[in-house]
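Asks: Input: one structure, supplied below.
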Amino acid sequence: MSTQPAPAPLLIACALGIEHLALRLGDGSGAGGPVTVVRTGMGPRAAERSVSRALAGPPLEGAAVLATGFCAGLAPGMHPGDLVVAEETRDPRATVTCVGTEPLVKELARTLPGRTVHTGPLTGSDHVVRGPERSELRATGAIAVDMESAATLLTAVRAGTRPVAAVRVVVDAPEHELVRIGTVRGGISAFRVLRSVLPTFFEWHRNVLLPRR
């Protein structure tokens, strides 16, 4: 009697304690395999170290990786609580193509009706982006920026072939610029949205595990 292989795990990476709190309010009951949520700490170097360490152990060998948390929107008309599904992540080292973007967008629209979902390139930065720098990044075609997604996904694909994705919640936009990242505290719309997206991540995970035809 043949035994079924164990389902591939899912690693969800975020940077901030408040992001981790939002994600921990859900559970993994709807996932296609074991789920690990890791808080990487802020910045690309912290993300790289944390994700490398997580993927080095046998429990997460072959894991799908999804980067999430808050981001700064670059496009005019973006609002806090909007969602960004990356088609690719970029940093000075490389561009990483995301997997399953279209199903993610459809599932987010179904799960969170009324929320605006933006798709496009998500760029990385090693600092909080403000003012004129937003326009410079927007001119490259990027629709949003954060400090960890690009490093997370690049680290993941360098560690082995696996599906990767990035979903971010806009907390800071051109017309709604925060004074500092520490302003993000519980009760705001972005926190509530992030708390609600776990079922979408699990659905993405199940879809990317299905054999291709």
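Identifiers for the structure tokens are assigned positionally: chains receive A, B, ... in sequence, residues are indexed from 1 per chain, and ligands are indexed from 1 in the order shown.
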What's around A:Asp146 at 9 Å? Count only C-alpha atoms, leave out sequence neighbours fewer than 4 positions away in its own chain, and write the answer as a compact mmCIF listing (two decimals) with N, CA and C atoms, in the first residue's frame.

Replies:
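Below is the file out.txt, written as the result:
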# COMPACT_ATOMS: atom_id res chain seq x y z
N GLY A 43 13.86 45.35 7.62
CA GLY A 43 14.95 45.56 6.70
C GLY A 43 15.34 44.33 5.91
N GLY A 69 2.63 41.71 5.03
CA GLY A 69 2.74 42.80 5.99
C GLY A 69 2.29 44.09 5.35
N PHE A 70 2.77 45.20 5.87
CA PHE A 70 2.38 46.51 5.38
C PHE A 70 3.35 47.01 4.31
N CYS A 71 2.91 47.98 3.54
CA CYS A 71 3.77 48.58 2.53
C CYS A 71 3.37 50.03 2.32
N ALA A 72 4.21 50.73 1.58
CA ALA A 72 3.90 52.10 1.16
C ALA A 72 3.46 52.06 -0.29
N GLY A 73 2.28 52.59 -0.55
CA GLY A 73 1.81 52.68 -1.92
C GLY A 73 2.50 53.81 -2.65
N LEU A 122 6.55 45.11 -7.07
CA LEU A 122 6.76 45.56 -5.70
C LEU A 122 8.26 45.72 -5.51
N THR A 123 8.69 46.93 -5.20
CA THR A 123 10.12 47.18 -5.12
C THR A 123 10.59 47.18 -3.67
N GLY A 124 11.88 46.88 -3.49
CA GLY A 124 12.45 46.83 -2.16
C GLY A 124 13.29 48.06 -1.85
N SER A 125 13.38 48.37 -0.58
CA SER A 125 14.20 49.49 -0.11
C SER A 125 14.83 49.10 1.21
N ASP A 126 15.94 49.76 1.56
CA ASP A 126 16.55 49.49 2.86
C ASP A 126 16.21 50.56 3.88
N HIS A 127 15.23 51.41 3.54
CA HIS A 127 14.81 52.47 4.45
C HIS A 127 13.37 52.85 4.14
N VAL A 128 12.74 53.57 5.05
CA VAL A 128 11.38 54.05 4.83
C VAL A 128 11.41 55.14 3.77
N VAL A 129 10.59 54.98 2.73
CA VAL A 129 10.61 55.88 1.57
C VAL A 129 9.59 57.00 1.77
N ALA A 150 11.26 41.81 -1.25
CA ALA A 150 12.22 41.44 -2.28
C ALA A 150 13.32 40.55 -1.71
N ARG A 168 0.81 42.53 0.16
CA ARG A 168 1.01 43.58 1.14
C ARG A 168 -0.26 44.43 1.29

Asks: Per DSSP on the backbone, filter stretch 15-201 of chain A down to the residues in helix (DSSP H, G or I) and report them as a ChimeraX atom specification.

Replies: /A:17-24,44-56,58-60,101-111,132-138,149-158,181-183,189-196,198-201

Asks: For the atom pair atom CA of A:Glu19 and atom CA of A:Gly81, what is the interatomic distance in Å to one decimal place?

Replies: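 These atoms are spaced 13.4 Å apart.
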
Asks: Can you measure atom CA of A:Val208 to atom CA of A:Thr111 for me? One decimal in Å is fine.

Replies: 18.4 Å

Asks: Ranking A:His20, A:Pro9, A:Thr140, A:Gly77 by minimum distance to A:Pro58 and counting only C-alpha atoms, which one comes first?

Replies: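 The closest residue to A:Pro58 is A:Pro9.
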
Asks: How many Å lie between atom CA of A:Ala63 and atom CA of A:Glu48, rounded to one decimal?

Replies: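 Value for the atom CA of A:Ala63-atom CA of A:Glu48 distance: 15.6 Å.
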
Asks: Using only C-alpha atoms, find the one residue out of A:Val171, A:Ala15, A:Ala22, A:Leu154 that sits nearest to A:Ala94.

Replies: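 That would be A:Leu154, the residue with the smallest distance to A:Ala94.
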
Asks: Could you check which of A:Leu21, A:Ala8, A:Ala67, A:Leu74 is closest to A:Arg138, using only C-alpha atoms?

Replies: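 With only C-alpha atoms as the atom set, the closest residue is A:Leu74.
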
Asks: Identify which of the residues A:Thr155, A:Thr97, A:Ser149, A:Ser196 lies closest to A:Ala56, counting only C-alpha atoms when measuring atom-to-atom distances.

Replies: A:Thr155

Asks: Just checking: using only C-alpha atoms, which residue out of A:Pro121, A:Val99, A:Ile12, A:Pro44 ends up closest to A:Leu209?

Replies: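 Going through A:Pro121, A:Val99, A:Ile12, A:Pro44 one by one, the smallest distance to A:Leu209 is for A:Val99.
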
Asks: Report the residues of stretch 22-201 of chain A whose backbone DSSP state falls under strand (DSSP E or B), written as a VMD selection string.

Replies: chain A and resid 35 to 39 64 to 73 83 to 90 95 to 97 117 to 124 144 to 146 164 to 173 176

Asks: If you count only C-alpha atoms, which residues fall within 12 Å of A:Arg53, apart from same-chain ones fewer than 4 positions away, as a PDB file with C-alpha atoms, in the first residue's frame?

Replies:
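Dumped everything to around-v9.pdb:
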ATOM      1  CA  LEU A  11       6.310  29.792   5.244  1.00  0.00           C
ATOM      2  CA  VAL A  38       8.020  33.964  11.052  1.00  0.00           C
ATOM      3  CA  ARG A  39       8.758  37.507  12.144  1.00  0.00           C
ATOM      4  CA  THR A  40      11.952  38.513  10.360  1.00  0.00           C
ATOM      5  CA  ALA A  46      17.106  40.917   8.708  1.00  0.00           C
ATOM      6  CA  ALA A  47      14.673  39.301   6.262  1.00  0.00           C
ATOM      7  CA  GLU A  48      17.478  37.500   4.448  1.00  0.00           C
ATOM      8  CA  ARG A  49      18.982  36.149   7.673  1.00  0.00           C
ATOM      9  CA  GLY A  57      15.960  23.112   8.494  1.00  0.00           C
ATOM     10  CA  PRO A  58      14.270  19.921   7.204  1.00  0.00           C
ATOM     11  CA  PRO A  59      10.771  20.941   8.424  1.00  0.00           C
ATOM     12  CA  LEU A  60      10.609  23.704   5.783  1.00  0.00           C
ATOM     13  CA  GLU A  61      12.471  21.983   2.969  1.00  0.00           C
ATOM     14  CA  THR A 152      12.511  37.404   1.370  1.00  0.00           C
ATOM     15  CA  THR A 155      16.463  34.377  -0.444  1.00  0.00           C
ATOM     16  CA  ALA A 156      13.719  31.791  -0.876  1.00  0.00           C
ATOM     17  CA  ALA A 159      17.574  28.297  -1.365  1.00  0.00           C
TER      18      ALA A 159
END
